[in-house]
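**Student:** Below: one structure in structure tokens.
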Amino acid sequence: MAKSRWLTAAMLALAGGMGMSGAAMAQSADLAAALSSGAVGEQADGYMGVVTSVSAPVRKEVESINIKRRQAYTDLAGKRGVTVQDAAAATACQTLTRLKEGQAYRIGGGAWQTKGAGAIALPSYCASGG
């Protein structure tokens with residue numbers, strides 16, 4: 001599939017272009033705890049999501065980070081001549097490979113899962129497993 005090949009190439013090209021450290025840009029101790037416990041997780045669309053009930057400040061921080069990510073993806077998409085969704089998905093491939101054991105993630109519209117000791121099954125457009 002052409003899109004699959006393009007996203008694989010884009011992911012490799014973006015490797016240095018979006019240095020999102022781990023699960024988010026800057027984050028509070030409460031958000032870091034929510035990520036570690038699996039209450040907040042990463043999604044294959046490039047955005048964070050709330051898995052279980054979290055405090056209002058944590059929910060607000062997730063929303064704030066997602067707004068910043070959207071802006072970063074928009075900027076990157078403009079520079080690369082791709083859609084915002086493709087820039088976000090390519091970056092998500094990298095983010096998902098950096099998950100630590102016990103962190104939550106979701107591929108597509110599927111159920112939330114918890115990262116185990118091994119690699120996770122990434123979307124088909126990602127270059128390699130995480």
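Lettering and numbering for the structure tokens are positional, with chains as A, B, ... in the shown order, residues counted from 1 in each chain, and ligands counted from 1 in the shown order.
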Enumerate as a PyMOL selection string all residues of region 63-105 of chain A assigned to helix (DSSP H, G or I) by DSSP on the backbone, naming them with the chain letters and numbers the document uses.

**Tutor:** chain A and resi 63-80+84-97

**Student:** Residues of region 69-98 of chain A within 8 Å of region 46-51 of chain A: nearest atom pair and distance (Å, one decimal) for each, counting only C-alpha atoms, sorted by chain and number, as CSV?

**Tutor:**
```
residue,atom,partner,partner_atom,distance
A:Arg69,CA,A:Tyr47,CA,7.2
A:Ala88,CA,A:Gly46,CA,4.7
A:Ala89,CA,A:Gly46,CA,5.4
A:Ala90,CA,A:Gly46,CA,7.9
A:Thr91,CA,A:Gly46,CA,6.3
A:Ala92,CA,A:Gly46,CA,4.4
A:Thr95,CA,A:Gly46,CA,7.8
```

**Student:** Could you check the closest approach to Gly38 (chain A) for each of A:Arg70, A:Ser53, A:Ala117, A:Thr83 and tell me which residue wins, using only C-alpha atoms?

**Tutor:**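 So, comparing all the options, the nearest one is A:Ser53.
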
**Student:** Per residue of region 35-94 of chain A within 6 Å of region 98-113 of chain A, record the nearest atom pair and its distance in Å to one decimal, counting only C-alpha atoms, with rows in chain order and ascending residue number, as JSON lines.

**Tutor:**
```
{"residue": "A:Ser36", "atom": "CA", "partner": "A:Gln103", "partner_atom": "CA", "distance": 5.5}
{"residue": "A:Gly38", "atom": "CA", "partner": "A:Ala104", "partner_atom": "CA", "distance": 4.7}
{"residue": "A:Gly41", "atom": "CA", "partner": "A:Ala104", "partner_atom": "CA", "distance": 4.5}
{"residue": "A:Glu42", "atom": "CA", "partner": "A:Tyr105", "partner_atom": "CA", "distance": 4.7}
{"residue": "A:Gln43", "atom": "CA", "partner": "A:Arg106", "partner_atom": "CA", "distance": 4.8}
{"residue": "A:Ala44", "atom": "CA", "partner": "A:Ile107", "partner_atom": "CA", "distance": 5.0}
```

**Student:** Report, in Å with one decimal, the straight-line distance from CA of Ala39 (chain A) to CA of Gln27 (chain A).

**Tutor:**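 Those two atoms sit 14.6 Å apart.
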